[in-house]
Amino acid sequence: MLKALRRAKAFYKINPTLGSCPSCKSAGTLKRSHSRNAYEKMLNKITIYKMYRCKSCGWRGSLKTIAITSTSFLILLLYLTLISGAALIKYQILKRLL
Ligand SMILES: [Zn+2]
């Protein structure tokens, strides 16, 4: 378990251009698409979704660029526990000093 956690990453970066189109299911036809309006620009900058276009069928839409697995939540929980533990220790030290 610990060995698996050490090797695991919180988030896995995926490349949708290597995958298949959600509409026509053909592989290797997706390409990044320019954002057309303010909503799509915001989507590109803030979220993990990016705009893609299919070269063969013309499908255009947003796809995830980061995969979140069940291990991700476990690792995030581990990090949150470590952060809150460190904060608690700092709080106790500062409380005694001041
Ligand atoms: Zn397609």
# chains A, B, ... in the order shown; residues from 1 in each chain; ligands from 1
call {"tool": "residues_around", "arguments": {"residues": "Ser62 of chain A", "least_positions_apart": "6", "cutoff": "7 Å", "atoms": "only C-alpha atoms", "output": "PyMOL selection string"}}
result
chain A and resi 49-52
call {"tool": "select_by_dssp", "arguments": {"residues": "chain A", "states": "alpha helix (DSSP H)", "output": "number ranges by chain"}}
result
A: 2-7, 38-46, 70-97
call {"tool": "write_last_selection", "arguments": {"atoms": "C-alpha atoms", "output": "PDB file, in the first residue's frame"}}
result
ATOM      1  CA  LEU A   2       2.729   2.466   0.994  1.00  0.00           C
ATOM      2  CA  LYS A   3       4.845   1.435  -1.987  1.00  0.00           C
ATOM      3  CA  ALA A   4       1.900   2.014  -4.333  1.00  0.00           C
ATOM      4  CA  LEU A   5       1.244   5.431  -2.766  1.00  0.00           C
ATOM      5  CA  ARG A   6       4.876   6.451  -3.191  1.00  0.00           C
ATOM      6  CA  ARG A   7       4.726   5.704  -6.902  1.00  0.00           C
ATOM      7  CA  ALA A  38     -15.001  34.745 -23.225  1.00  0.00           C
ATOM      8  CA  TYR A  39     -16.614  31.633 -21.709  1.00  0.00           C
ATOM      9  CA  GLU A  40     -14.302  29.297 -23.647  1.00  0.00           C
ATOM     10  CA  LYS A  41     -11.252  31.447 -22.819  1.00  0.00           C
ATOM     11  CA  MET A  42     -12.167  31.225 -19.122  1.00  0.00           C
ATOM     12  CA  LEU A  43     -12.737  27.449 -19.471  1.00  0.00           C
ATOM     13  CA  ASN A  44      -9.264  27.054 -21.035  1.00  0.00           C
ATOM     14  CA  LYS A  45      -7.501  29.100 -18.359  1.00  0.00           C
ATOM     15  CA  ILE A  46      -9.236  28.062 -15.129  1.00  0.00           C
ATOM     16  CA  SER A  70      -9.577   7.146  -6.681  1.00  0.00           C
ATOM     17  CA  THR A  71      -5.892   7.218  -5.692  1.00  0.00           C
ATOM     18  CA  SER A  72      -5.929  10.991  -6.289  1.00  0.00           C
ATOM     19  CA  PHE A  73      -8.454  11.487  -3.493  1.00  0.00           C
ATOM     20  CA  LEU A  74      -6.390   9.286  -1.176  1.00  0.00           C
ATOM     21  CA  ILE A  75      -3.238  11.299  -1.899  1.00  0.00           C
ATOM     22  CA  LEU A  76      -5.083  14.619  -1.485  1.00  0.00           C
ATOM     23  CA  LEU A  77      -6.430  13.373   1.848  1.00  0.00           C
ATOM     24  CA  LEU A  78      -2.886  12.424   2.885  1.00  0.00           C
ATOM     25  CA  TYR A  79      -1.582  15.894   1.951  1.00  0.00           C
ATOM     26  CA  LEU A  80      -4.448  17.617   3.799  1.00  0.00           C
ATOM     27  CA  THR A  81      -3.716  15.525   6.896  1.00  0.00           C
ATOM     28  CA  LEU A  82      -0.017  16.443   6.727  1.00  0.00           C
ATOM     29  CA  ILE A  83      -0.799  20.159   6.247  1.00  0.00           C
ATOM     30  CA  SER A  84      -3.310  20.280   9.098  1.00  0.00           C
ATOM     31  CA  GLY A  85      -0.902  18.345  11.360  1.00  0.00           C
ATOM     32  CA  ALA A  86       1.908  20.796  10.626  1.00  0.00           C
ATOM     33  CA  ALA A  87      -0.446  23.741  11.220  1.00  0.00           C
ATOM     34  CA  LEU A  88      -1.546  22.272  14.562  1.00  0.00           C
ATOM     35  CA  ILE A  89       2.072  21.799  15.685  1.00  0.00           C
ATOM     36  CA  LYS A  90       2.964  25.381  14.644  1.00  0.00           C
ATOM     37  CA  TYR A  91      -0.099  26.705  16.479  1.00  0.00           C
ATOM     38  CA  GLN A  92       0.882  24.858  19.697  1.00  0.00           C
ATOM     39  CA  ILE A  93       4.485  26.126  19.501  1.00  0.00           C
ATOM     40  CA  LEU A  94       3.401  29.733  18.890  1.00  0.00           C
ATOM     41  CA  LYS A  95       0.836  29.471  21.718  1.00  0.00           C
ATOM     42  CA  ARG A  96       3.589  28.504  24.181  1.00  0.00           C
ATOM     43  CA  LEU A  97       6.028  31.147  22.984  1.00  0.00           C
TER      44      LEU A  97
END
call {"tool": "residues_around", "arguments": {"residues": "segment 25-31 of chain A", "least_positions_apart": "6", "cutoff": "7 Å", "atoms": "only C-alpha atoms", "output": "VMD selection string"}}
result
chain A and resid 17 to 19 52 to 56
call {"tool": "select_by_dssp", "arguments": {"residues": "segment 1-84 of chain A", "states": "strand (DSSP E or B)", "output": "PyMOL selection string"}}
result
chain A and resi 12-13+20+27+30-32+49-54+60-64+66-67
call {"tool": "write_last_selection", "arguments": {"atoms": "C-alpha atoms", "output": "short mmCIF file (atom, residue, chain, number, x, y, z; two decimals), in the first residue's frame"}}
result
data_model
loop_
_atom_site.label_atom_id
_atom_site.label_comp_id
_atom_site.auth_asym_id
_atom_site.auth_seq_id
_atom_site.Cartn_x
_atom_site.Cartn_y
_atom_site.Cartn_z
CA TYR A 12 -2.28 12.20 -14.28
CA LYS A 13 -1.86 14.43 -17.31
CA SER A 20 -10.46 8.94 -30.03
CA ALA A 27 -8.53 7.76 -33.37
CA LEU A 30 -8.55 15.48 -32.46
CA LYS A 31 -6.74 18.80 -32.53
CA ARG A 32 -6.69 21.75 -30.09
CA TYR A 49 -11.00 21.21 -19.72
CA LYS A 50 -9.59 22.37 -23.06
CA MET A 51 -11.34 22.88 -26.40
CA TYR A 52 -10.74 20.26 -29.11
CA ARG A 53 -11.93 19.77 -32.68
CA CYS A 54 -12.20 16.58 -34.72
CA ARG A 60 -15.99 20.56 -31.39
CA GLY A 61 -16.07 20.44 -27.61
CA SER A 62 -14.20 20.39 -24.34
CA LEU A 63 -12.23 17.41 -23.06
CA LYS A 64 -10.40 16.78 -19.78
CA ILE A 66 -6.04 15.70 -16.32
CA ALA A 67 -7.27 12.33 -15.07
#
call {"tool": "closest_residue", "arguments": {"among": "A:Cys57, A:Cys24, A:Ile68, A:Ile48", "to": "Ala10 of chain A", "atoms": "only C-alpha atoms"}}
result
A:Ile68
call {"tool": "closest_residue", "arguments": {"among": "A:Pro16, A:Lys9, A:His34, A:Pro22", "to": "ligand 1", "atoms": "only C-alpha atoms and all ligand atoms"}}
result
A:Pro22
call {"tool": "closest_residue", "arguments": {"among": "A:Cys21, A:Ile14, A:Leu98, A:Ala8", "to": "ligand 1", "atoms": "only C-alpha atoms and all ligand atoms"}}
result
A:Cys21
call {"tool": "closest_residue", "arguments": {"among": "A:Gly58, A:Thr69, A:Asn37, A:Asn15", "to": "ligand 1", "atoms": "only C-alpha atoms and all ligand atoms"}}
result
A:Gly58
